[in-house]
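So this one's entry39.txt, compact mmCIF, C-alpha atoms:
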# COMPACT_ATOMS: atom_id res chain seq x y z
CA MET A 1 31.56 55.55 -52.07
CA LYS A 2 33.63 55.32 -48.90
CA ARG A 3 35.90 58.06 -50.21
CA THR A 4 33.08 60.42 -51.14
CA TRP A 5 31.31 59.75 -47.86
CA SER A 6 34.45 60.64 -45.91
CA ILE A 7 34.53 63.96 -47.77
CA ALA A 8 30.92 64.77 -46.86
CA ALA A 9 31.28 63.59 -43.26
CA ALA A 10 34.29 65.88 -42.73
CA LEU A 11 32.40 69.04 -43.71
CA GLY A 12 30.77 69.58 -40.32
CA ASP A 13 27.27 70.40 -39.08
CA ASP A 14 26.18 72.29 -42.18
CA VAL A 15 25.74 69.01 -44.07
CA PRO A 16 23.16 67.34 -41.79
CA LEU A 17 21.48 70.71 -41.24
CA TYR A 18 20.97 71.06 -45.00
CA PHE A 19 19.73 67.47 -45.18
CA TYR A 20 16.97 68.06 -42.63
CA SER A 21 16.12 71.46 -44.10
CA HIS A 22 15.73 69.87 -47.53
CA LEU A 23 13.72 66.96 -46.14
CA PHE A 24 11.27 69.08 -44.14
CA ALA A 25 10.94 71.73 -46.85
CA HIS A 26 9.97 69.15 -49.48
CA HIS A 27 8.03 66.86 -47.12
CA PRO A 28 6.79 68.90 -44.14
CA GLU A 29 4.53 66.05 -43.09
CA LEU A 30 7.63 64.17 -41.92
CA ARG A 31 8.55 66.80 -39.30
CA GLU A 32 6.07 65.43 -36.76
CA MET A 33 7.84 62.06 -36.84
CA PHE A 34 10.89 63.62 -35.18
CA PRO A 35 11.29 65.03 -31.67
CA VAL A 36 10.52 68.70 -31.17
CA ALA A 37 14.03 69.28 -29.77
CA MET A 38 16.57 67.67 -32.07
CA GLY A 39 19.49 69.82 -30.96
CA ALA A 40 23.01 68.50 -31.32
CA GLN A 41 21.74 65.07 -32.34
CA ARG A 42 20.35 66.17 -35.72
CA ASP A 43 23.31 64.64 -37.51
CA LYS A 44 22.62 61.10 -36.26
CA LEU A 45 20.31 59.92 -39.00
CA PHE A 46 22.40 61.50 -41.75
CA ALA A 47 25.64 60.04 -40.38
CA ALA A 48 24.07 56.61 -39.97
CA LEU A 49 22.75 56.58 -43.51
CA GLY A 50 26.10 57.53 -44.96
CA HIS A 51 28.04 55.01 -42.92
CA ILE A 52 25.74 52.09 -43.69
CA ILE A 53 25.24 52.84 -47.36
CA SER A 54 28.95 53.37 -47.97
CA HIS A 55 29.52 49.86 -46.62
CA VAL A 56 26.92 48.24 -48.84
CA ASP A 57 29.66 46.02 -50.25
CA ARG A 58 29.60 44.30 -46.83
CA ILE A 59 25.86 43.70 -46.85
CA ASP A 60 26.34 40.09 -45.73
CA ASP A 61 28.20 41.33 -42.64
CA VAL A 62 25.80 44.14 -41.72
CA GLY A 63 22.60 42.59 -43.05
CA GLU A 64 21.13 41.65 -39.68
CA PHE A 65 21.94 45.07 -38.30
CA VAL A 66 20.16 46.73 -41.23
CA ARG A 67 17.17 44.40 -40.86
CA GLN A 68 16.95 45.28 -37.18
CA LEU A 69 16.90 48.95 -38.12
CA GLY A 70 13.98 48.26 -40.44
CA ARG A 71 12.09 46.44 -37.71
CA ASP A 72 12.83 49.22 -35.23
CA HIS A 73 11.60 51.96 -37.58
CA ARG A 74 8.08 50.56 -37.34
CA ARG A 75 7.62 52.44 -34.08
CA PHE A 76 7.99 55.73 -35.99
CA SER A 77 5.15 54.64 -38.35
CA VAL A 78 7.60 54.57 -41.24
CA ILE A 79 6.16 53.33 -44.55
CA PRO A 80 8.02 52.51 -47.81
CA GLU A 81 7.18 55.93 -49.29
CA HIS A 82 9.13 57.61 -46.47
CA TYR A 83 12.30 55.81 -47.50
CA SER A 84 12.07 57.40 -50.94
CA MET A 85 11.59 60.86 -49.40
CA VAL A 86 14.60 60.48 -47.12
CA GLY A 87 16.71 58.99 -49.91
CA SER A 88 16.00 61.89 -52.28
CA SER A 89 17.03 64.46 -49.66
CA PHE A 90 20.09 62.44 -48.73
CA LEU A 91 21.32 62.29 -52.33
CA ALA A 92 20.50 65.97 -52.89
CA THR A 93 22.65 66.81 -49.87
CA LEU A 94 25.58 64.79 -51.17
CA GLN A 95 25.28 66.42 -54.58
CA ARG A 96 25.36 69.89 -53.03
CA TYR A 97 28.42 69.32 -50.86
CA LEU A 98 30.52 66.97 -52.98
CA GLY A 99 30.72 69.43 -55.86
CA ALA A 100 32.90 68.13 -58.69
CA GLU A 101 33.20 64.76 -56.92
CA TRP A 102 29.51 64.16 -57.62
CA THR A 103 29.82 62.54 -61.02
CA ASP A 104 27.16 60.55 -62.85
CA ALA A 105 28.89 57.32 -61.82
CA VAL A 106 28.99 58.36 -58.16
CA ALA A 107 25.31 59.34 -58.28
CA ARG A 108 24.38 55.93 -59.70
CA ASP A 109 26.43 54.09 -57.08
CA TRP A 110 24.85 55.98 -54.18
CA ALA A 111 21.34 55.56 -55.56
CA ASP A 112 21.82 51.84 -56.13
CA ALA A 113 23.28 51.38 -52.66
CA TYR A 114 20.49 53.33 -50.97
CA GLY A 115 17.90 51.31 -52.84
CA THR A 116 19.50 48.07 -51.66
CA ILE A 117 19.61 49.14 -48.01
CA ALA A 118 16.06 50.54 -48.08
CA LYS A 119 14.72 47.33 -49.62
CA VAL A 120 16.31 45.21 -46.89
CA MET A 121 14.81 47.45 -44.19
CA VAL A 122 11.34 47.52 -45.73
CA ILE A 123 11.17 43.74 -46.14
CA ALA A 124 12.35 43.21 -42.56
CA ALA A 125 9.68 45.60 -41.28
CA GLU A 126 6.97 43.87 -43.31
CA ASP A 127 8.00 40.45 -42.04
CA ALA A 128 8.11 41.64 -38.43
CA SER A 129 4.63 43.17 -38.75
CA ASP A 130 3.26 39.70 -39.43
CA GLU A 131 4.36 38.60 -35.95
CA THR A 132 4.56 41.56 -33.57
CA PRO A 133 3.12 45.07 -33.22
CA PRO A 134 5.43 48.10 -33.63
CA TRP A 135 5.15 48.72 -29.88
CA TRP A 136 3.29 47.63 -26.77
CA GLU A 137 1.58 49.96 -24.32
CA GLY A 138 2.24 49.48 -20.63
CA GLU A 139 0.90 51.15 -17.50
CA VAL A 140 3.37 52.62 -15.04
CA THR A 141 2.50 51.17 -11.63
CA ALA A 142 5.34 52.68 -9.58
CA VAL A 143 8.20 55.18 -9.81
CA ASP A 144 10.79 54.52 -7.10
CA ARG A 145 13.64 57.02 -6.68
CA ARG A 146 16.36 54.62 -5.54
CA SER A 147 19.20 57.13 -5.26
CA LEU A 148 20.07 60.75 -5.97
CA ASP A 149 19.88 60.17 -9.72
CA VAL A 150 18.41 56.72 -10.36
CA ALA A 151 14.73 55.82 -10.53
CA VAL A 152 13.11 52.44 -11.07
CA LEU A 153 9.97 52.48 -13.21
CA THR A 154 7.69 49.47 -12.78
CA VAL A 155 5.50 48.92 -15.83
CA ARG A 156 2.76 46.36 -16.41
CA LEU A 157 2.90 45.16 -20.02
CA PRO A 158 0.61 42.85 -22.00
CA GLN A 159 1.22 39.12 -21.74
CA ASP A 160 2.31 38.92 -25.38
CA PHE A 161 5.32 41.16 -24.67
CA THR A 162 8.05 38.56 -24.34
CA TYR A 163 11.79 38.96 -23.90
CA VAL A 164 14.87 37.10 -22.75
CA PRO A 165 16.74 38.38 -19.67
CA GLY A 166 19.59 40.57 -20.90
CA GLN A 167 17.70 42.09 -23.84
CA SER A 168 16.73 45.76 -24.22
CA ALA A 169 13.80 47.60 -25.75
CA ALA A 170 13.17 51.13 -26.95
CA VAL A 171 10.92 53.10 -24.60
CA GLU A 172 8.85 56.27 -25.12
CA VAL A 173 7.33 58.15 -22.16
CA PRO A 174 4.27 60.40 -22.53
CA ALA A 175 6.10 63.51 -21.29
CA LEU A 176 8.45 63.32 -24.30
CA PRO A 177 6.64 61.98 -27.36
CA ARG A 178 8.54 60.76 -30.42
CA THR A 179 11.75 60.36 -28.42
CA TRP A 180 12.82 56.79 -27.73
CA ARG A 181 15.64 55.44 -25.62
CA TYR A 182 16.82 51.86 -25.14
CA LEU A 183 16.26 50.53 -21.64
CA SER A 184 16.77 47.02 -20.30
CA PRO A 185 14.23 45.11 -18.23
CA ALA A 186 15.89 44.55 -14.85
CA ASN A 187 13.98 41.37 -14.05
CA ALA A 188 13.21 38.07 -15.68
CA PRO A 189 9.69 37.76 -17.14
CA ARG A 190 7.02 37.59 -14.43
CA PRO A 191 3.56 36.00 -14.47
CA ASP A 192 1.91 39.39 -13.90
CA GLY A 193 3.75 41.00 -16.83
CA THR A 194 5.47 43.69 -14.75
CA VAL A 195 8.86 44.93 -15.87
CA GLU A 196 11.30 47.18 -14.00
CA PHE A 197 13.35 49.77 -15.90
CA HIS A 198 16.34 51.55 -14.32
CA VAL A 199 16.76 55.15 -15.48
CA GLN A 200 19.63 57.45 -14.51
CA LEU A 201 18.87 61.15 -14.38
CA VAL A 202 21.40 62.94 -16.58
CA PRO A 203 21.82 66.73 -16.31
CA GLY A 204 20.22 68.21 -19.40
CA GLY A 205 19.07 64.79 -20.64
CA LEU A 206 15.63 65.20 -22.20
CA PHE A 207 14.61 61.56 -21.94
CA SER A 208 15.97 60.85 -18.48
CA THR A 209 14.36 64.02 -17.08
CA ALA A 210 11.01 63.09 -18.58
CA ALA A 211 11.25 59.50 -17.36
CA VAL A 212 12.45 60.21 -13.82
CA ARG A 213 10.78 63.52 -12.95
CA LYS A 214 7.72 63.68 -15.19
CA THR A 215 6.47 60.10 -15.25
CA SER A 216 3.91 58.99 -12.66
CA PRO A 217 1.90 55.89 -11.77
CA GLY A 218 -1.00 55.58 -14.15
CA ASP A 219 0.92 56.94 -17.15
CA VAL A 220 0.97 54.78 -20.26
CA ILE A 221 4.34 54.29 -21.96
CA ARG A 222 5.25 52.61 -25.22
CA VAL A 223 7.80 49.80 -25.41
CA GLY A 224 9.29 48.52 -28.66
CA ALA A 225 10.34 45.01 -29.59
CA PRO A 226 13.18 43.52 -27.51
CA VAL A 227 16.59 43.39 -29.16
CA GLY A 228 20.06 42.09 -28.36
CA GLU A 229 21.55 38.71 -27.61
CA GLN A 230 25.06 39.34 -26.30
CA LEU A 231 23.95 39.74 -22.67
CA THR A 232 21.63 36.76 -22.63
CA ALA A 233 23.08 33.85 -20.66
CA ASP A 234 23.18 30.59 -22.58
CA GLY A 235 23.49 27.09 -21.20
CA GLY A 236 24.65 26.36 -17.69
CA ARG A 237 27.98 28.18 -17.61
CA ASP A 238 28.99 30.00 -14.47
CA LEU A 239 28.78 33.76 -14.89
CA LEU A 240 30.88 36.83 -14.16
CA LEU A 241 28.63 39.89 -14.35
CA VAL A 242 30.30 43.32 -14.44
CA ALA A 243 28.07 46.41 -14.35
CA GLY A 244 28.66 50.15 -14.21
CA GLY A 245 25.83 52.40 -12.99
CA THR A 246 22.49 51.55 -14.58
CA GLY A 247 24.28 48.98 -16.71
CA LEU A 248 23.20 46.81 -13.80
CA ALA A 249 19.69 46.50 -15.27
CA PRO A 250 20.15 43.76 -17.92
CA LEU A 251 22.57 41.85 -15.69
CA SER A 252 20.04 42.03 -12.86
CA ALA A 253 17.55 40.40 -15.21
CA VAL A 254 20.08 37.66 -16.01
CA LEU A 255 20.64 37.15 -12.27
CA ASP A 256 16.88 36.99 -11.73
CA GLY A 257 16.62 34.29 -14.39
CA VAL A 258 19.39 32.27 -12.74
CA ALA A 259 17.61 32.55 -9.38
CA ASP A 260 14.42 31.23 -11.00
CA ARG A 261 16.38 28.29 -12.34
CA TRP A 262 17.83 27.45 -8.93
CA ARG A 263 14.35 27.59 -7.36
CA ARG A 264 12.87 25.45 -10.11
CA ASP A 265 15.62 22.88 -10.66
CA GLY A 266 17.73 23.03 -7.51
CA SER A 267 20.80 23.68 -9.64
CA GLY A 268 22.20 26.26 -12.01
CA PRO A 269 25.16 28.53 -12.76
CA ARG A 270 27.22 30.15 -10.03
CA VAL A 271 27.28 33.92 -10.35
CA ASP A 272 29.67 36.68 -9.23
CA LEU A 273 28.31 40.20 -9.76
CA PHE A 274 30.51 43.31 -9.63
CA HIS A 275 28.65 46.63 -9.57
CA GLY A 276 30.63 49.86 -9.86
CA ALA A 277 29.68 53.40 -8.87
CA ARG A 278 31.59 56.58 -8.12
CA VAL A 279 30.27 56.92 -4.55
CA PRO A 280 28.60 54.41 -2.17
CA TRP A 281 25.15 56.01 -2.29
CA ASN A 282 25.03 55.38 -6.03
CA LEU A 283 25.03 51.62 -5.42
CA TYR A 284 21.29 51.92 -5.72
CA ASP A 285 20.43 48.19 -5.54
CA GLU A 286 23.00 47.21 -2.92
CA ALA A 287 20.56 46.20 -0.18
CA ARG A 288 18.71 43.72 -2.38
CA LEU A 289 21.87 42.22 -3.84
CA ARG A 290 23.55 41.86 -0.46
CA ASP A 291 20.44 40.16 0.90
CA LEU A 292 20.38 37.72 -2.03
CA ALA A 293 24.08 36.93 -1.51
CA THR A 294 23.52 36.08 2.16
CA ARG A 295 20.69 33.70 1.30
CA GLU A 296 22.02 31.99 -1.83
CA PRO A 297 25.35 30.13 -1.76
CA TRP A 298 25.59 30.21 -5.56
CA PHE A 299 25.68 34.03 -5.67
CA SER A 300 28.38 36.52 -4.62
CA PHE A 301 28.02 40.31 -4.76
CA HIS A 302 30.99 42.69 -5.01
CA PRO A 303 30.25 46.46 -4.84
CA VAL A 304 33.05 48.68 -6.16
CA VAL A 305 33.46 52.43 -5.54
CA SER A 306 35.91 54.62 -7.44
CA ASP A 307 35.75 58.07 -5.82
CA ASP A 308 35.45 57.46 -2.06
CA THR A 309 38.68 56.49 -0.31
CA THR A 310 36.74 55.66 2.89
CA PHE A 311 34.69 52.90 1.25
CA PRO A 312 35.30 49.64 3.17
CA GLY A 313 35.20 47.41 0.09
CA TYR A 314 36.72 47.29 -3.39
CA ARG A 315 37.95 50.72 -4.50
CA GLY A 316 38.88 51.76 -8.02
CA TRP A 317 37.48 50.82 -11.41
CA VAL A 318 34.97 48.01 -11.41
CA GLY A 319 36.70 46.30 -14.35
CA THR A 320 39.99 46.18 -12.49
CA ALA A 321 38.33 44.65 -9.44
CA ALA A 322 36.51 42.04 -11.53
CA ALA A 323 39.62 41.08 -13.49
CA ALA A 324 41.67 40.62 -10.30
CA HIS A 325 39.11 38.29 -8.71
CA PRO A 326 39.59 34.49 -8.97
CA SER A 327 36.14 34.19 -10.52
CA SER A 328 37.29 36.08 -13.63
CA THR A 329 38.62 32.95 -15.34
CA GLY A 330 36.62 29.99 -16.51
CA ARG A 331 33.34 31.88 -16.59
CA LEU A 332 31.28 33.65 -19.20
CA ALA A 333 31.76 37.39 -18.58
CA LEU A 334 28.87 39.73 -19.36
CA VAL A 335 29.75 43.44 -19.24
CA CYS A 336 27.38 46.40 -19.31
CA GLY A 337 27.75 50.13 -18.61
CA SER A 338 28.97 53.26 -20.34
CA GLY A 339 31.19 52.93 -23.40
CA ALA A 340 34.28 53.87 -21.39
CA MET A 341 33.44 51.39 -18.66
CA VAL A 342 32.91 48.55 -21.13
CA SER A 343 36.15 49.28 -23.01
CA HIS A 344 38.16 49.44 -19.79
CA THR A 345 36.63 46.25 -18.38
CA VAL A 346 37.16 44.26 -21.56
CA ALA A 347 40.82 45.34 -21.65
CA GLU A 348 41.31 44.37 -18.00
CA LEU A 349 39.70 40.96 -18.47
CA LEU A 350 41.80 40.25 -21.55
CA SER A 351 44.96 41.22 -19.64
CA ALA A 352 43.93 38.85 -16.87
CA GLY A 353 43.85 35.98 -19.36
CA VAL A 354 40.13 35.74 -20.01
CA PRO A 355 39.61 34.45 -23.58
CA ARG A 356 38.00 36.98 -25.92
CA ASP A 357 35.21 34.53 -26.72
CA ASP A 358 34.31 34.43 -23.02
CA ILE A 359 33.64 38.19 -22.87
CA ARG A 360 30.33 39.53 -24.15
CA TYR A 361 28.81 42.99 -24.21
CA GLU A 362 26.06 44.66 -26.21
CA ASP A 363 26.83 47.57 -28.51
CA TYR A 364 23.67 49.59 -29.10
CA THR A 365 25.48 52.60 -30.48
CA GLY A 366 24.39 51.96 -34.05
CA ILE A 367 20.82 51.09 -33.18
CA GLU A 368 20.41 54.05 -30.85
CA ASP A 369 21.95 56.54 -33.21
CA ASN A 370 20.19 55.27 -36.30
CA SER A 371 16.66 54.47 -35.18
CA SER A 372 16.12 57.31 -32.75
CA PRO A 373 16.79 60.98 -33.49
CA THR A 374 17.68 61.59 -29.84
CA GLY A 375 21.07 59.99 -29.41
CA GLU A 376 21.14 59.98 -25.60
CA GLU A 377 23.27 57.07 -24.53
CA GLN A 378 21.46 53.86 -23.79
CA LEU A 379 23.36 53.33 -20.59
CA GLU A 380 24.70 56.16 -18.54
CA GLY A 381 26.61 54.15 -15.95
CA THR A 382 30.01 54.90 -14.50
CA ARG A 383 33.23 53.02 -14.31

How does the structure come out when it is put into C-alpha cells?
Amino acid sequence: MKRTWSIAAALGDDVPLYFYSHLFAHHPELREMFPVAMGAQRDKLFAALGHIISHVDRIDDVGEFVRQLGRDHRRFSVIPEHYSMVGSSFLATLQRYLGAEWTDAVARDWADAYGTIAKVMVIAAEDASDETPPWWEGEVTAVDRRSLDVAVLTVRLPQDFTYVPGQSAAVEVPALPRTWRYLSPANAPRPDGTVEFHVQLVPGGLFSTAAVRKTSPGDVIRVGAPVGEQLTADGGRDLLLVAGGTGLAPLSAVLDGVADRWRRDGSGPRVDLFHGARVPWNLYDEARLRDLATREPWFSFHPVVSDDTTFPGYRGWVGTAAAAHPSSTGRLALVCGSGAMVSHTVAELLSAGVPRDDIRYEDYTGIEDNSSPTGEEQLEGTR
C-alpha cells in the first residue's frame, strides 16, 4: 500500500482534481460541505487519506490522531454515509491512476484499510457526540487591531465551552462559511466566558482576511472542540516560553494560568517568555507583557527582533536568543510559531543542552490539513 500510494502521490495535481470531480459528480450534495474557494488546497483531503490509510499497519501509533480527526469532522456535519461516498471516490481515483498496479489484491487491501480507518473515525465521533456538541457559538464583543497585521478578537462563549491553557480550537467566522482554521485562546478561562483569539492578516489569506477585516462586534462565530496537549503546562515546573508572531497566543494563555496560580496560592512556576518578530512594531503585546514583568518577580519578558539593527534589545532569531539565555536549562520549554520557527528553536535548544523531553511543541499540520479543506497555516508567526 505504501508503494502504490507513493506512485499516486507523485502524479501531481491531476489526481486530487479527479478525486473531487468524481466525488462531486456522483454526490453533488457534498459540494456545499466544502469552501467555495478550494484553490491550491484541494489536494489536502486526498493526500491525508492516502497517507493515513497507507499507514494502517501502524494503527496503534496513529489511532488517537485518527480518532481526533473523527471528532473534528463533526463540525462539517459528517455522517457515516459520507465516509462511504468519499471512500468510493478515493478508490476509483486510485484505480484510474495506478493502472496495471491496481490488482485485485491491491484493491482489497485499500478497501479493507479504508474501512478500518473510517470505522475508527465514526466511533470516535459518535462517542464525542455523547459529551460535547460539534461546535459552540460565541458572540464577538471586540475586534482590536493591535498592529499592522495582527488583530485580537474577543469572543464570549457559553459556560460549557471548557479548555486548558495552551490548547487550540477550530474557528469559523460568518464572512467565510465552511472554512475553519485552528486558533488558540490567548487567555486562561475566565468567569465571564470571554476568550481572546490572535489572528495575523496574511496577504491573500482567505480566513485571516475574513477574521481581521470582515468580522465585527455582534457577529456570531463557531468554535470547535479544544485539542492539543503539548503546550499545556503540567505540574509546578518553571517554564521557558518561546513564541514567534501569533504563536504567542497559546503561550499567553499558559502565562495567564500561571498568573492566576500565583494570585490564588502565592506560589507557582517561574516563567521566562521570549517573543520574536521581524520588526519592533510587530511585538503586538509588548506593552502588556512588559507591564506584567515589572509587577511580578516570577516573570521575565524578552522581546526579540530579527530585521531591525537599531532595536535596543535581543536581535536575531528568537530561538537563538532563548537558547543562549541561562533560563534555557532546567525548565520545561514550550515552543510555538511557524513551522520554520519551531524547527529552528528546537535545534537551538538541543544544541544548548536542553533535553529533548524538556522541549514541547504542538504539530497541527495533520489536523489542519485533514479536517479542513482550507490548509492555511494554523500559526503564521515569524522567527

- Task: For each of A:Ala142, A:Leu248, A:Val62, A:Leu255, take the minimum atom-to-atom distance to Val155 of chain A, counting only C-alpha atoms, then give the residue where this is smallest.
- Result: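 Between A:Ala142, A:Leu248, A:Val62, A:Leu255, the residue approaching Val155 of chain A most closely is A:Ala142.
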
- Message: Which residue is closest to Gln230 of chain A? Choose from A:Leu183, A:Ala210, A:Ala243, A:Ile359 and count all atoms listed in the file.
- Response: A:Ile359

- Query: Hey, can you check how far atom CA of Val271 of chain A sits from atom CA of Leu201 of chain A?
  - Reply: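 Taking atom CA of Val271 of chain A and atom CA of Leu201 of chain A, their separation equals 28.8 Å.
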
- Show which residues sit within 12 Å of Asp112 of chain A, as a PyMOL selection string. Count only C-alpha atoms, and ignore same-chain residues fewer than 5 positions away. chain A and resi 1+53-54+56-57+87+91+105-107+117-119

- Would you mind listing what lies within 10 Å of segment 233-237 of chain A as a list of chain:residue names, with all atoms listed in the file counted and same-chain residues fewer than 6 positions away left out?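 The neighbour list is A:Val164, A:Pro165, A:Gly166, A:Leu251, A:Val254, A:Leu255, A:Gly257, A:Val258, A:Ser267, A:Gly268, A:Pro269, A:Arg270, A:Val271, A:Gly330, A:Arg331, A:Leu332, A:Ala333, A:Leu334, A:Arg360.
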
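With distances restricted to only C-alpha atoms, A:Phe34 is the closest residue to Thr179 of chain A from A:Phe34, A:Tyr83, A:Tyr18, A:Trp262.
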
Excluding segment 322-326 of chain A and residues on its chain fewer than 2 positions from it, collect all residues at most 12 Å away from it, counting all atoms listed in the file, and give them as a PDB file with C-alpha atoms, in the frame of the given file.
ATOM      1  CA  LEU A 239      28.780  33.760 -14.890  1.00  0.00           C
ATOM      2  CA  LEU A 240      30.880  36.830 -14.160  1.00  0.00           C
ATOM      3  CA  LEU A 241      28.630  39.890 -14.350  1.00  0.00           C
ATOM      4  CA  VAL A 242      30.300  43.320 -14.440  1.00  0.00           C
ATOM      5  CA  ALA A 243      28.070  46.410 -14.350  1.00  0.00           C
ATOM      6  CA  GLY A 244      28.660  50.150 -14.210  1.00  0.00           C
ATOM      7  CA  ASP A 272      29.670  36.680  -9.230  1.00  0.00           C
ATOM      8  CA  LEU A 273      28.310  40.200  -9.760  1.00  0.00           C
ATOM      9  CA  PHE A 274      30.510  43.310  -9.630  1.00  0.00           C
ATOM     10  CA  HIS A 275      28.650  46.630  -9.570  1.00  0.00           C
ATOM     11  CA  GLY A 276      30.630  49.860  -9.860  1.00  0.00           C
ATOM     12  CA  SER A 300      28.380  36.520  -4.620  1.00  0.00           C
ATOM     13  CA  PHE A 301      28.020  40.310  -4.760  1.00  0.00           C
ATOM     14  CA  HIS A 302      30.990  42.690  -5.010  1.00  0.00           C
ATOM     15  CA  PRO A 303      30.250  46.460  -4.840  1.00  0.00           C
ATOM     16  CA  VAL A 304      33.050  48.680  -6.160  1.00  0.00           C
ATOM     17  CA  TYR A 314      36.720  47.290  -3.390  1.00  0.00           C
ATOM     18  CA  ARG A 315      37.950  50.720  -4.500  1.00  0.00           C
ATOM     19  CA  GLY A 316      38.880  51.760  -8.020  1.00  0.00           C
ATOM     20  CA  TRP A 317      37.480  50.820 -11.410  1.00  0.00           C
ATOM     21  CA  VAL A 318      34.970  48.010 -11.410  1.00  0.00           C
ATOM     22  CA  GLY A 319      36.700  46.300 -14.350  1.00  0.00           C
ATOM     23  CA  THR A 320      39.990  46.180 -12.490  1.00  0.00           C
ATOM     24  CA  SER A 328      37.290  36.080 -13.630  1.00  0.00           C
ATOM     25  CA  THR A 329      38.620  32.950 -15.340  1.00  0.00           C
ATOM     26  CA  GLY A 330      36.620  29.990 -16.510  1.00  0.00           C
ATOM     27  CA  ARG A 331      33.340  31.880 -16.590  1.00  0.00           C
ATOM     28  CA  ALA A 333      31.760  37.390 -18.580  1.00  0.00           C
ATOM     29  CA  LEU A 334      28.870  39.730 -19.360  1.00  0.00           C
ATOM     30  CA  VAL A 335      29.750  43.440 -19.240  1.00  0.00           C
ATOM     31  CA  HIS A 344      38.160  49.440 -19.790  1.00  0.00           C
ATOM     32  CA  THR A 345      36.630  46.250 -18.380  1.00  0.00           C
ATOM     33  CA  VAL A 346      37.160  44.260 -21.560  1.00  0.00           C
ATOM     34  CA  ALA A 347      40.820  45.340 -21.650  1.00  0.00           C
ATOM     35  CA  GLU A 348      41.310  44.370 -18.000  1.00  0.00           C
ATOM     36  CA  LEU A 349      39.700  40.960 -18.470  1.00  0.00           C
ATOM     37  CA  LEU A 350      41.800  40.250 -21.550  1.00  0.00           C
ATOM     38  CA  SER A 351      44.960  41.220 -19.640  1.00  0.00           C
ATOM     39  CA  ALA A 352      43.930  38.850 -16.870  1.00  0.00           C
ATOM     40  CA  GLY A 353      43.850  35.980 -19.360  1.00  0.00           C
ATOM     41  CA  VAL A 354      40.130  35.740 -20.010  1.00  0.00           C
ATOM     42  CA  ILE A 359      33.640  38.190 -22.870  1.00  0.00           C
ATOM     43  CA  ARG A 383      33.230  53.020 -14.310  1.00  0.00           C
TER      44      ARG A 383
END

- Two-atom distance - atom CA of Gly63 of chain A, atom CA of Asp104 of chain A (Å):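 Those two atoms sit 27.1 Å apart.
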
- Query: Expressed in Å to a single decimal, how great is the separation between atom CA of Pro226 of chain A and atom CA of Val143 of chain A?
  - Reply: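 Interatomic distance, atom CA of Pro226 of chain A to atom CA of Val143 of chain A: 21.8 Å.
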
Please report, as CSV, each residue of segment 195-240 of chain A lying at most 12 Å from segment 74-79 of chain A, together with the nearest pair of atoms and the separation in Å rounded to one decimal; use all atoms listed in the file, and order rows by chain and ascending residue number.
residue,atom,partner,partner_atom,distance
A:Arg222,CA,A:Arg75,CA,9.2
A:Val223,CA,A:Arg75,CA,9.1
A:Gly224,CA,A:Arg75,CA,6.9
A:Ala225,CA,A:Arg75,CA,9.1

- Task: Kindly provide, as a ChimeraX atom specification, the polymer residues lying within 7 Å of (16.0, 61.7, -41.5), counting all atoms listed in the file and using the coordinates exactly as they appear in the file.
- Result: /A:20,45-46,86

- Task: Between A:Ser84, A:Ser327, A:Thr141, A:Ser89, single out the one closest to Pro217 of chain A, counting all atoms listed in the file.
- Result: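 Using all atoms listed in the file, Pro217 of chain A sits closest to A:Thr141.
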
Padding 8 Å on every side, please: axis-aligned box over the listed atoms of segment 74-88 of chain A, centre and edge lengths to one decimal in Å, as AutoDock Vina command-line options.
--center_x 10.9 --center_y 56.2 --center_z -43.2 --size_x 27.6 --size_y 27.3 --size_z 34.2

- Query: For Ala9 of chain A, which of A:Leu157, A:Ala47, A:Ala293, A:Ala211 is the closest residue, counting all atoms listed in the file?
  - Reply: A:Ala47

Starting from the incomplete input, reconstruct N, CA, C and O atoms of segment 325-332 of chain A and write that as a compact mmCIF listing (two decimals), in the frame of the given file.
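What landed in result27.txt:
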# COMPACT_ATOMS: atom_id res chain seq x y z
N HIS A 325 39.77 39.29 -9.55
CA HIS A 325 39.11 38.29 -8.71
C HIS A 325 39.29 36.89 -9.30
O HIS A 325 39.31 36.73 -10.52
N PRO A 326 39.43 35.87 -8.45
CA PRO A 326 39.59 34.49 -8.97
C PRO A 326 38.46 34.04 -9.88
O PRO A 326 38.66 33.18 -10.74
N SER A 327 37.28 34.62 -9.70
CA SER A 327 36.14 34.19 -10.52
C SER A 327 36.22 34.68 -11.95
O SER A 327 35.38 34.35 -12.77
N SER A 328 37.24 35.49 -12.28
CA SER A 328 37.29 36.08 -13.63
C SER A 328 37.65 35.06 -14.70
O SER A 328 37.37 35.28 -15.88
N THR A 329 38.24 33.95 -14.34
CA THR A 329 38.62 32.95 -15.34
C THR A 329 37.68 31.76 -15.28
O THR A 329 37.17 31.40 -14.21
N GLY A 330 37.46 31.18 -16.43
CA GLY A 330 36.62 29.99 -16.51
C GLY A 330 35.14 30.26 -16.55
O GLY A 330 34.33 29.33 -16.54
N ARG A 331 34.75 31.53 -16.57
CA ARG A 331 33.34 31.88 -16.59
C ARG A 331 33.01 32.70 -17.84
O ARG A 331 33.90 33.27 -18.46
N LEU A 332 31.74 32.76 -18.15
CA LEU A 332 31.28 33.65 -19.20
C LEU A 332 31.10 35.03 -18.59
O LEU A 332 30.33 35.21 -17.63
